Amino acid sequence: MKEHIEYLETLTREQLLLMAARQHAEEHQGIAVAGMACRFPGGINDPAAFWAALRDERVVPAEPRRPPSRWNTGAPDLEPYAEVLGRGVHIEGVDLFDPERFGLGEEEARHMDPQQRLLLACADQALADAGAPDTYGLRVGVYAGVSALEYPYAHLRNGVRPEDLSPYMGTGAALSATAARIATGLRLNGPVLTVDTACASALTAVHLAVPALRRGECDLAVVGACHLQLAPFTSAVFDLAGMLSPTGRSRPFAEDADGHVRGEGCGILVLKRLRDVQPGEPRPYAVIRGTALWQQGDRPAMTATPVAAQRRVMEQALRAAKVDPADVRYVEAQANGSKLGGVIEAESTAAAYGRGRPGAETLYLGSCKANLGYLETASGAASLMKVALALSHGEIPAQPDFGRPDPDIAWDRLSIDVPRKLMAWPESARRVAGVSSFGFTGTNAHVLMEAVAGAPPRDGTPSGPLTGRRLWPDTHVWS
C-alpha cells in the first residue's frame, strides 16, 4: 500500500484523473450476452423457439400433458400424488445423452444427475451460438445454478444392492460437481462455481460472473441454471404449503391467480466484455449494465420477502448500472402466480422505479411463468433470456391469457401495467429493462440489461433434434 501511495504522489493531476477515469470505465463496462441455449417445456429447445412461443402467447401448462415416464403413478406409494404430479410441466428427452461427445464413459454418464447432463449439453450449444466453439487459450468462468439433487432418491427407494454401487456415484450426485461438469466436459479453464440461491440462482450467477469479467479473471463466462423434478414428493410438499395452483396455471398479477405450476428446464447464457466483441462475430443479444444481490435477514420468516428488500435490490442495481429509472420501461418480474407475492412485487417495483404515483411513464411488468410454468431454480435463466430477446427485437411480448388485473394491486395510483398485446418497445432515451428473481430462502437479485445500439434482431442458433441414447437405469425409475 505504501509503495502504491508513493507512486501516486509522483503523478500529475491529469494523470490521476485519467487513471481514475480508466478504472471507472473498467468497473462499469458493458457485458455482452453473446450466446444462449435452452431446454424448456413444450419442446422449446432454442432461443428462436422461445421467442416464437413468447410472441404467439403460447401457454405450455394449458397444453395436454401427463406425468413423465420416470414416475409410475400407479405404484402404491405414488398413487396418492398422481393428481398433483399431473399438474406439472416437464421437458422431453431428459434421459437422452451422448457421453462420448464429452469424453465420458457410459457408466459415469448413467450415474450423472441428468441436470449435469443438461447443463453440459446446453453450455456446448450456447458457446457455439456465441461463435466460440473453440475456447483454447481463453479463460472461461462457469457459474451454474442448481438446487435439488433428487436423482438418487428412486434408487434409495428401490433398494441399493452392493453390486449397484459405482465409483461415479459421488461426483454424479454432488452439488459442487455441477459447474465442474461443464468445465471438465468442455475443457474450460477459469473460475468455476456452483450456485444455489433457489429461484435466484441464475441471476446470482450473473452477479458473480459480471465483476469477474470486468476484473479480467475470465474472458468468457458460462452462466445459467437447471431444474428437474426427479422426486415426486416435492410437489406434494409444495401443494401442502398452498403454493401450487389447483387449476394448473400460473397467472401473475391476475385476479384469478391461485398459485404456480411446477415446471422444469435449463437455460445458459454466454457472457463476454462488450469491448471484446469482434467484427464478424455474432452481435450480442443485449448488454448487462448492472446487477445487485440482497437478503434482508430481519424479516418475519425465511420465506417472507419484505417490500423494502425487493425495493433495495432494484435500487442498488439501478445505481450500479447508472441507469435513470425513467428510462426503464419493462421489468420481467419474479411473479409466479402467488396472489400475495404479486401485490408485494408490484408495490416494490413501482417504488424502486419511480412509478409510485399516477402520471409517470408506464412501466410494464410481465412474467414468462405464464408461458412456461415456474421453472424454479431455472426460472431466472428463462427470464434473462426473454428480456435479452425482447431487447434484441425491440418488442415486449404480451402476458398470455391475462384477464382482469388483480384488484388488490393499486393500479390506479401506480404507473405500472401488464402488456395485453405484443407491443413495440416504448420510446425512451435508452432501451433498458430489468429482471427480478427472488429465492424462496430470501435472496433477492436484480439485473439491468440494455439493447445493443444498431444491432439487428437476433434469434440464435437452431438446436436441431434431440440426440443421444437412453441413459436412465431401471434402478432410478419410480416403478
# chains A, B, ... in the order shown; residues from 1 in each chain; ligands from 1
>>> residues_around(residues="segment 101-107 of chain A", least_positions_apart="3", cutoff="8 Å", atoms="only C-alpha atoms", output="list in words")
Asp98, Arg110, His111, Tyr168, Gly185, Leu186 and Leu471 of chain A
>>> write_last_selection(atoms="C-alpha atoms", output="short mmCIF file (atom, residue, chain, number, x, y, z; two decimals), in the first residue's frame")
data_model
loop_
_atom_site.label_atom_id
_atom_site.label_comp_id
_atom_site.auth_asym_id
_atom_site.auth_seq_id
_atom_site.Cartn_x
_atom_site.Cartn_y
_atom_site.Cartn_z
CA ASP A 98 -24.33 -38.56 -25.83
CA ARG A 110 -25.53 -43.31 -16.13
CA HIS A 111 -24.73 -42.11 -12.61
CA TYR A 168 -19.03 -42.43 -10.15
CA GLY A 185 -16.73 -31.78 -20.16
CA LEU A 186 -15.86 -28.79 -22.35
CA LEU A 471 -29.09 -43.47 -20.06
#
>>> residues_around(residues="Ile396 of chain A", least_positions_apart="5", cutoff="7 Å", atoms="only C-alpha atoms", output="ChimeraX atom specification")
/A:390,422-425
>>> residues_around(residues="Ile288 of chain A", least_positions_apart="2", cutoff="8 Å", atoms="only C-alpha atoms", output="VMD selection string")
chain A and resid 30 to 33 286 290 to 291 447 to 450
>>> residues_around(residues="segment 339-349 of chain A", least_positions_apart="3", cutoff="9 Å", atoms="only C-alpha atoms", output="PyMOL selection string")
chain A and resi 252-259+305-312+314+331+333-336+352-356+365+406+408-410+414+416
>>> residues_around(residues="segment 73-85 of chain A", least_positions_apart="2", cutoff="10 Å", atoms="only C-alpha atoms", output="list in words")
Arg66, Pro67, Pro68, Ser69, Arg70, Trp71, Arg87, Gly88, Val89, Gln229, Pro232, Phe233, Thr234, Ser235, Ala236, Phe238, Asp239, Leu244, Ser245, Pro246, Gly248, Val261, Arg262, Trp478 and Ser479 of chain A
>>> atom_distance(atom1="atom CA of Leu118 of chain A", atom2="atom CA of Arg181 of chain A")
10.5 Å
>>> closest_residue(among="A:Glu57, A:Asp95, A:Asp327, A:Glu163", to="Gln116 of chain A", atoms="only C-alpha atoms")
A:Asp95
>>> select_by_dssp(residues="segment 114-286 of chain A", states="strand (DSSP E)", output="PyMOL selection string")
chain A and resi 140-145+192-195+220-227+265-273+286
>>> closest_residue(among="A:Thr204, A:Asn371, A:Gln29, A:Asn189", to="Gly42 of chain A", atoms="only C-alpha atoms")
A:Asn371
